[in-house]
Structures are given as structure tokens and as C-alpha cells.
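So the structure is just underneath, and the comments pick up after that.
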Amino acid sequence: MTDDAGLAAQHQHQHQHQPQDHDQDPHANDAAPYGGGDPYADYRTGDFPFTELVDLADRRLGAAVIAANDEFFAERENLLVRERAVFDPEHFGHKGKIMDGWETRRRRGTDGADPFPAPGDHDWAIVRLGAPGVIRGIVVDTAHFRGNYPRRVSLQAAHVPGAPGPERLLADDVTWVELVPPTPVRGHAANGFAVDVERRFTHLRLCQHPDGGIARVRVHGEVVPDPEWLELLGTVDLVSVLNGGTYEDASDRFYSSPTQIILPGTSAKMDDGWENRRRRVRGTNDWVRFRLAARGAVRAVEIDTAYLKGNSAGWVALQGRDGATGEWFEILPRTRLQPDTFHRFALPAPAVATHVRLDAFPDGGIARMRLHGSLTEDGATALRARWTALTP
């Protein structure tokens, strides 16, 4: 098969698996009933480039599902569970089949003459983003909901400062911006939606029309921190996801995303960090490049290899760069690491940088990295300008 033919076949395959209009065939997006064996054998997924970005709704960042109008069959909190949904065909309770997701009861009409729900009827759940920011894409995962997934989903987002409760978020004066209009989804599938709205959001509303079940929701985007808060703190972790740090590129993502290196808190187990494959080519090493929250002066470095005992990096080095085209300079020379250990390094002088590169020799895992310092004056100015441009 030629490259052109292969691309054509791939395009046709993807087209055949796009959600169909339910008005033409109400069961076009159903998955086959579970027939035994691996329940993920017929799971339908797709290539969504935005999933490389941080999940703003990650529980490890402080996200939560704070309200839902209905969760009769399965609890709303399941939407943000980090692991993929589990299916047990024999697991039933007093209300029916127990599913690993959020599932509402079947909506009904007004009477027997009109048994179907009204066109506008829908169920909803509100997610507080753990790290407010610009949403670039959303995955609505209907794993194991084969014939009981929603006909359509829609997504809206809002910016409400502070720590609002459900009553505040449901008030009439809160503006919800439509990110995805009511759109068909497939059952037992990852349904991806790219978003192109240049706004900072704090909350997401997930709606299913008219009812049904959703296993997981992921909200990928770019963190936009509050510049006043960072300036008030003074010394902050300049590379933390919560403060707007992000990973740009890496030599290897085989076992896990390098984003996990800059998550808050400590790792809970071995896969809650960054681990690469075993490197076999002499003279090479693994590396990750990060962009800091803004231009800042790094004064201290922390590197943690927690839970990485036989597979931690042997040595690491840290370089910095001031500006997208600046020259790389040494922040931390090649330094021996201990497995399952928290390491602290005080720098002899502040290192002013916008980007850093962490090298692991020759390979191995890193659980967490912290770069403690403060924003430079121009870094704080740039951060305030971005905040102003993205915040209503």
C-alpha cells in the first residue's frame, strides 16, 4: 500500500467512526453489547493532539465535581478518577447495574401519551477546575456505556473567582460560555472536542442530552495563574503546573507524561512521576524541557525520586535558558541521585531563566522537581498582561 493509499484508508477509517446524527439512525453510535473477554477490545478512541496538555480537571491539582442534578445509578465523582474506567459484568446493586462513571436515571415525558422527555431536557454536572486556565480540548469518555450513553453532550465554562459553591455557580448572573454545542457522541468511546475560546475559565459544566452515562471527562489546556497571588507569595515554585509551568518536549514518554514531574504534592506510587524506557545507546541520555510560569530567578532546586527504587535516574543535570532563543547555561552540574530519595540543592547564585532542561543519565525516573524562586519584574509584567487579556 502506498503512503497516499494508506492515508486515504486511515481517513476513511476515522470518518466511519465519527459520531452520526441520531435523527437519521437513533442507534448509529451504539457499541455492541458486551460479549465477554477484554471489555476494552472494541473500545473506540481517536488521536487528539491536545491531550499532551495538562488536564486542568486533574484531582491532583484540586479539581472536583461539586454538583450534579442527578446521579441515581453512578456517582458524579467518578468522572475525575485518574485511572480508566473498570467494568464488572456481575456487579449489581439495589438500584441496578453499578457502573464506574456518572450515570443518571432515564428521563420521562409528561404522561403516557407523551412518554419521551422534552427536547430541552438534559442532565448536568459542574466541575471545578483544579488549575484555572485556557481550555484547548475536552475528552468525554463513554467507556462501557454501550447503549446507555447520552444522545448528545454539550459543554460550557465560566469564570467565577474565589471558592464558589453550587448555589453561586447556578445563579442567574453567572455567564456560561458555550465551548461545545449539543453534539452526538459514540458509546464505549473516547469522544474528543477541540476548543478555540481564548478565555480563562475556573469551572466547566458537562451536560448530557437528555440523560445517560459518562465514564470520565478530561479537560486539557494551559494554566493561567493569578499574578497577584504569585507576587504576594514572593518565593514560588516557578515550574509548578499550578503556577503556570508546562512541559514542552521530552526524549521519551513511554511509561508516563513528563507533566507529572511538575505536579503539586508528592507522588503516591511509582507511575505517579516520569519514567522512560531503558536506554541502550551509549553517549545518549533522556531529557525533558519545561517552560517556566514566567521569567524568574531560581534560587533552589528539589528533585524527588520517591517510589523509584530500581529504576530512578542515576545522575541528573539542569540547564537554563533566558528567552526562547537564548543560549543554554548550567544551573545544576551532573549530580548523582539516590533512589526513593528527596534531594535539595541550594544554588550559589540565582539563575534567571524562562526555560529549563532536565537531563537524566543515562535514563530512569524522576517523581517530582521544584524550582524555588521569584518572578523578575518583566516576568511579572508579562504574566499580568496575559491574565488581563484572558480574564473577563
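Each chain in the C-alpha cells gets a letter, A, B and so on, in the order shown; residues start at 1 in every chain, and ligands are counted from 1 in the order they appear.
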Write out as a tab-separated table a residue-level contact list of region 46-133 of chain A versus region 183-201 of chain A with cut-off 7 Å: for each qualifying residue the closest pair of atoms and the distance in Å to one decimal, counting only C-alpha atoms, rows sorted by chain and residue number upward.
residue	atom	partner	partner_atom	distance
A:Gly46	CA	A:Ala190	CA	6.8
A:Phe48	CA	A:Gly192	CA	6.5
A:Pro132	CA	A:Phe201	CA	5.5
A:Gly133	CA	A:Arg200	CA	4.6
For all heavy atoms, I'd like the residues from the last selection saved as a PDB file, in the first residue's frame.
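Result file selection_6.pdb:
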ATOM      1  N   GLY A  46      -9.446   7.871  19.550  1.00  0.00           N
ATOM      2  CA  GLY A  46      -9.031   8.739  18.453  1.00  0.00           C
ATOM      3  C   GLY A  46      -7.737   9.443  18.805  1.00  0.00           C
ATOM      4  O   GLY A  46      -7.235   9.346  19.923  1.00  0.00           O
ATOM      5  N   PHE A  48      -6.133  12.762  19.569  1.00  0.00           N
ATOM      6  CA  PHE A  48      -6.460  14.123  19.975  1.00  0.00           C
ATOM      7  C   PHE A  48      -5.170  14.805  20.423  1.00  0.00           C
ATOM      8  O   PHE A  48      -4.703  14.572  21.544  1.00  0.00           O
ATOM      9  CB  PHE A  48      -7.482  14.122  21.114  1.00  0.00           C
ATOM     10  CG  PHE A  48      -8.675  13.228  20.852  1.00  0.00           C
ATOM     11  CD1 PHE A  48      -8.983  12.196  21.730  1.00  0.00           C
ATOM     12  CD2 PHE A  48      -9.468  13.407  19.736  1.00  0.00           C
ATOM     13  CE1 PHE A  48     -10.071  11.378  21.505  1.00  0.00           C
ATOM     14  CE2 PHE A  48     -10.561  12.593  19.498  1.00  0.00           C
ATOM     15  CZ  PHE A  48     -10.867  11.568  20.387  1.00  0.00           C
ATOM     16  N   PRO A 132      -7.205  26.796  37.051  1.00  0.00           N
ATOM     17  CA  PRO A 132      -7.911  27.594  36.044  1.00  0.00           C
ATOM     18  C   PRO A 132      -7.003  27.941  34.867  1.00  0.00           C
ATOM     19  O   PRO A 132      -5.796  28.127  35.032  1.00  0.00           O
ATOM     20  CB  PRO A 132      -8.318  28.849  36.823  1.00  0.00           C
ATOM     21  CG  PRO A 132      -8.355  28.420  38.247  1.00  0.00           C
ATOM     22  CD  PRO A 132      -7.249  27.409  38.383  1.00  0.00           C
ATOM     23  N   GLY A 133      -7.602  28.017  33.690  1.00  0.00           N
ATOM     24  CA  GLY A 133      -6.795  28.336  32.521  1.00  0.00           C
ATOM     25  C   GLY A 133      -7.602  28.327  31.248  1.00  0.00           C
ATOM     26  O   GLY A 133      -8.842  28.323  31.261  1.00  0.00           O
TER      27      GLY A 133
END
All strand (DSSP E or B) residues (DSSP, backbone) inside region 145-192 of chain A, as a list of chain:residue names: A:Arg152, A:Val153, A:Ser154, A:Leu155, A:Gln156, A:Ala157, A:Ala158, A:Val177, A:Glu178, A:Leu179, A:Val180, A:Pro181, A:Pro182, A:Thr183, A:Pro184, A:Ala189, A:Ala190, A:Asn191, A:Gly192
Could those residues be written to a file, using N, CA and C atoms, as a tab-separated table (two decimals), in the first residue's frame?
chain	number	residue	atom	x	y	z
A	152	ARG	N	-26.47	13.17	23.03
A	152	ARG	CA	-25.57	14.27	22.73
A	152	ARG	C	-24.99	14.80	24.04
A	153	VAL	N	-23.88	15.50	23.92
A	153	VAL	CA	-23.33	16.23	25.07
A	153	VAL	C	-23.09	17.67	24.65
A	154	SER	N	-23.11	18.55	25.62
A	154	SER	CA	-22.69	19.94	25.41
A	154	SER	C	-21.83	20.36	26.58
A	155	LEU	N	-20.99	21.36	26.37
A	155	LEU	CA	-20.05	21.81	27.40
A	155	LEU	C	-20.01	23.32	27.42
A	156	GLN	N	-20.10	23.87	28.63
A	156	GLN	CA	-19.98	25.30	28.84
A	156	GLN	C	-18.94	25.54	29.94
A	157	ALA	N	-18.39	26.74	29.99
A	157	ALA	CA	-17.40	27.08	31.01
A	157	ALA	C	-17.68	28.48	31.52
A	158	ALA	N	-17.22	28.73	32.75
A	158	ALA	CA	-17.44	30.03	33.38
A	158	ALA	C	-16.21	30.43	34.16
A	177	VAL	N	-20.13	30.26	29.06
A	177	VAL	CA	-19.73	30.39	27.65
A	177	VAL	C	-19.78	29.01	27.00
A	178	GLU	N	-20.44	28.91	25.87
A	178	GLU	CA	-20.55	27.62	25.18
A	178	GLU	C	-19.22	27.26	24.52
A	179	LEU	N	-18.70	26.10	24.90
A	179	LEU	CA	-17.49	25.57	24.28
A	179	LEU	C	-17.82	24.54	23.20
A	180	VAL	N	-18.82	23.69	23.50
A	180	VAL	CA	-19.26	22.66	22.56
A	180	VAL	C	-20.78	22.65	22.57
A	181	PRO	N	-21.43	22.92	21.44
A	181	PRO	CA	-22.90	22.86	21.40
A	181	PRO	C	-23.35	21.40	21.50
A	182	PRO	N	-24.65	21.16	21.71
A	182	PRO	CA	-25.12	19.76	21.75
A	182	PRO	C	-24.66	18.97	20.52
A	183	THR	N	-23.85	17.96	20.78
A	183	THR	CA	-23.17	17.24	19.70
A	183	THR	C	-23.27	15.74	19.94
A	184	PRO	N	-23.56	14.93	18.90
A	184	PRO	CA	-23.63	13.48	19.10
A	184	PRO	C	-22.30	12.90	19.59
A	189	ALA	N	-16.56	4.84	23.93
A	189	ALA	CA	-15.58	5.51	23.07
A	189	ALA	C	-15.02	6.75	23.77
A	190	ALA	N	-13.85	7.17	23.31
A	190	ALA	CA	-13.30	8.47	23.70
A	190	ALA	C	-13.76	9.49	22.68
A	191	ASN	N	-14.54	10.47	23.12
A	191	ASN	CA	-15.07	11.50	22.24
A	191	ASN	C	-14.32	12.80	22.51
A	192	GLY	N	-13.54	13.24	21.53
A	192	GLY	CA	-12.70	14.41	21.71
A	192	GLY	C	-13.27	15.65	21.05
Within 12 Å of Ala32 (chain A), counting only C-alpha atoms, which residues qualify if same-chain residues fewer than 3 places away don't, as number ranges by chain? A: 27-29, 35-36, 39-44, 144-148, 186-189
Can you spit out the residues from that selection as a PDB file, in the first residue's frame, using N, CA and C atoms?
ATOM      1  N   HIS A  27     -29.551   4.580  16.702  1.00  0.00           N
ATOM      2  CA  HIS A  27     -28.577   3.658  17.300  1.00  0.00           C
ATOM      3  C   HIS A  27     -27.254   3.633  16.534  1.00  0.00           C
ATOM      4  N   ALA A  28     -27.009   4.688  15.738  1.00  0.00           N
ATOM      5  CA  ALA A  28     -25.804   4.714  14.910  1.00  0.00           C
ATOM      6  C   ALA A  28     -24.530   4.715  15.736  1.00  0.00           C
ATOM      7  N   ASN A  29     -24.583   5.261  16.937  1.00  0.00           N
ATOM      8  CA  ASN A  29     -23.372   5.409  17.739  1.00  0.00           C
ATOM      9  C   ASN A  29     -23.247   4.373  18.845  1.00  0.00           C
ATOM     10  N   GLY A  35     -19.656  -8.919  25.054  1.00  0.00           N
ATOM     11  CA  GLY A  35     -19.738 -10.331  24.720  1.00  0.00           C
ATOM     12  C   GLY A  35     -18.759 -11.205  25.472  1.00  0.00           C
ATOM     13  N   GLY A  36     -18.115 -10.634  26.491  1.00  0.00           N
ATOM     14  CA  GLY A  36     -17.130 -11.405  27.251  1.00  0.00           C
ATOM     15  C   GLY A  36     -15.712 -11.041  26.852  1.00  0.00           C
ATOM     16  N   PRO A  39     -13.090  -6.099  28.005  1.00  0.00           N
ATOM     17  CA  PRO A  39     -14.129  -5.125  27.641  1.00  0.00           C
ATOM     18  C   PRO A  39     -13.596  -3.967  26.811  1.00  0.00           C
ATOM     19  N   TYR A  40     -12.276  -3.771  26.792  1.00  0.00           N
ATOM     20  CA  TYR A  40     -11.699  -2.697  26.002  1.00  0.00           C
ATOM     21  C   TYR A  40     -11.305  -3.149  24.590  1.00  0.00           C
ATOM     22  N   ALA A  41     -11.576  -4.409  24.250  1.00  0.00           N
ATOM     23  CA  ALA A  41     -11.168  -4.920  22.935  1.00  0.00           C
ATOM     24  C   ALA A  41     -11.845  -4.148  21.803  1.00  0.00           C
ATOM     25  N   ASP A  42     -13.066  -3.695  22.005  1.00  0.00           N
ATOM     26  CA  ASP A  42     -13.784  -2.961  20.960  1.00  0.00           C
ATOM     27  C   ASP A  42     -13.993  -1.498  21.331  1.00  0.00           C
ATOM     28  N   TYR A  43     -13.192  -1.013  22.253  1.00  0.00           N
ATOM     29  CA  TYR A  43     -13.271   0.397  22.657  1.00  0.00           C
ATOM     30  C   TYR A  43     -12.779   1.275  21.520  1.00  0.00           C
ATOM     31  N   ARG A  44     -13.474   2.359  21.264  1.00  0.00           N
ATOM     32  CA  ARG A  44     -13.148   3.236  20.138  1.00  0.00           C
ATOM     33  C   ARG A  44     -12.496   4.517  20.654  1.00  0.00           C
ATOM     34  N   HIS A 144     -17.661   1.675  28.413  1.00  0.00           N
ATOM     35  CA  HIS A 144     -18.584   0.674  28.976  1.00  0.00           C
ATOM     36  C   HIS A 144     -20.043   1.117  28.956  1.00  0.00           C
ATOM     37  N   PHE A 145     -20.290   2.361  28.578  1.00  0.00           N
ATOM     38  CA  PHE A 145     -21.675   2.781  28.342  1.00  0.00           C
ATOM     39  C   PHE A 145     -21.948   2.543  26.858  1.00  0.00           C
ATOM     40  N   ARG A 146     -22.450   1.372  26.564  1.00  0.00           N
ATOM     41  CA  ARG A 146     -22.571   0.923  25.177  1.00  0.00           C
ATOM     42  C   ARG A 146     -23.904   1.308  24.548  1.00  0.00           C
ATOM     43  N   GLY A 147     -24.986   1.200  25.303  1.00  0.00           N
ATOM     44  CA  GLY A 147     -26.299   1.571  24.789  1.00  0.00           C
ATOM     45  C   GLY A 147     -27.000   2.545  25.703  1.00  0.00           C
ATOM     46  N   ASN A 148     -26.325   2.967  26.754  1.00  0.00           N
ATOM     47  CA  ASN A 148     -26.927   3.872  27.740  1.00  0.00           C
ATOM     48  C   ASN A 148     -26.125   5.154  27.910  1.00  0.00           C
ATOM     49  N   ARG A 186     -20.307   8.918  20.653  1.00  0.00           N
ATOM     50  CA  ARG A 186     -20.357   7.467  20.483  1.00  0.00           C
ATOM     51  C   ARG A 186     -20.341   6.776  21.837  1.00  0.00           C
ATOM     52  N   GLY A 187     -20.997   5.621  21.897  1.00  0.00           N
ATOM     53  CA  GLY A 187     -20.937   4.822  23.103  1.00  0.00           C
ATOM     54  C   GLY A 187     -19.652   4.016  23.157  1.00  0.00           C
ATOM     55  N   HIS A 188     -19.166   3.721  24.389  1.00  0.00           N
ATOM     56  CA  HIS A 188     -17.935   2.963  24.610  1.00  0.00           C
ATOM     57  C   HIS A 188     -16.808   3.527  23.747  1.00  0.00           C
ATOM     58  N   ALA A 189     -16.556   4.838  23.935  1.00  0.00           N
ATOM     59  CA  ALA A 189     -15.584   5.512  23.073  1.00  0.00           C
ATOM     60  C   ALA A 189     -15.024   6.753  23.768  1.00  0.00           C
TER      61      ALA A 189
END
Here is a test: counting only C-alpha atoms, which residue of A:Ala215, A:Leu80, A:Ala74, A:Leu375 is nearest to Val236 (chain A)?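 Under the stated criterion, the closest residue is A:Leu375.
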Considering only C-alpha atoms, can you say which of A:His343, A:Arg84, A:Arg357, A:Lys269 comes closest to Leu318 (chain A)? A:Arg357
Residues near Arg370 (chain A), anyone? I mean within 8 Å using only C-alpha atoms, not counting same-chain ones fewer than 6 positions away, as a short mmCIF file (atom, residue, chain, number, x, y, z; two decimals) with N, CA and C atoms, in the first residue's frame.
data_model
loop_
_atom_site.label_atom_id
_atom_site.label_comp_id
_atom_site.auth_asym_id
_atom_site.auth_seq_id
_atom_site.Cartn_x
_atom_site.Cartn_y
_atom_site.Cartn_z
N ASP A 237 7.24 28.08 43.39
CA ASP A 237 7.80 27.07 42.51
C ASP A 237 7.54 27.51 41.07
N LEU A 238 8.57 27.98 40.39
CA LEU A 238 8.42 28.60 39.08
C LEU A 238 8.05 27.61 37.97
N VAL A 239 8.20 26.32 38.22
CA VAL A 239 7.90 25.33 37.18
C VAL A 239 6.63 24.55 37.48
N SER A 240 6.00 24.78 38.63
CA SER A 240 4.81 24.03 39.00
C SER A 240 3.67 24.24 38.01
N ILE A 262 6.04 17.95 37.42
CA ILE A 262 5.79 19.29 37.96
C ILE A 262 4.39 19.40 38.57
N VAL A 301 16.68 24.16 44.10
CA VAL A 301 16.13 23.07 43.29
C VAL A 301 15.84 21.88 44.19
N GLU A 302 14.70 21.24 43.99
CA GLU A 302 14.36 19.99 44.67
C GLU A 302 14.06 18.93 43.62
N ILE A 303 14.65 17.76 43.79
CA ILE A 303 14.40 16.64 42.89
C ILE A 303 14.10 15.41 43.74
#
So the first atom is CA of Arg205 (chain A) and the second is CA of Gly162 (chain A); what is the distance between them in Å, to one decimal place?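 Separation of CA of Arg205 (chain A) and CA of Gly162 (chain A): 17.4 Å.
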Just give me the gap between CA of Asp226 (chain A) and CA of Ala382 (chain A) in Å, one decimal is fine. 12.1 Å
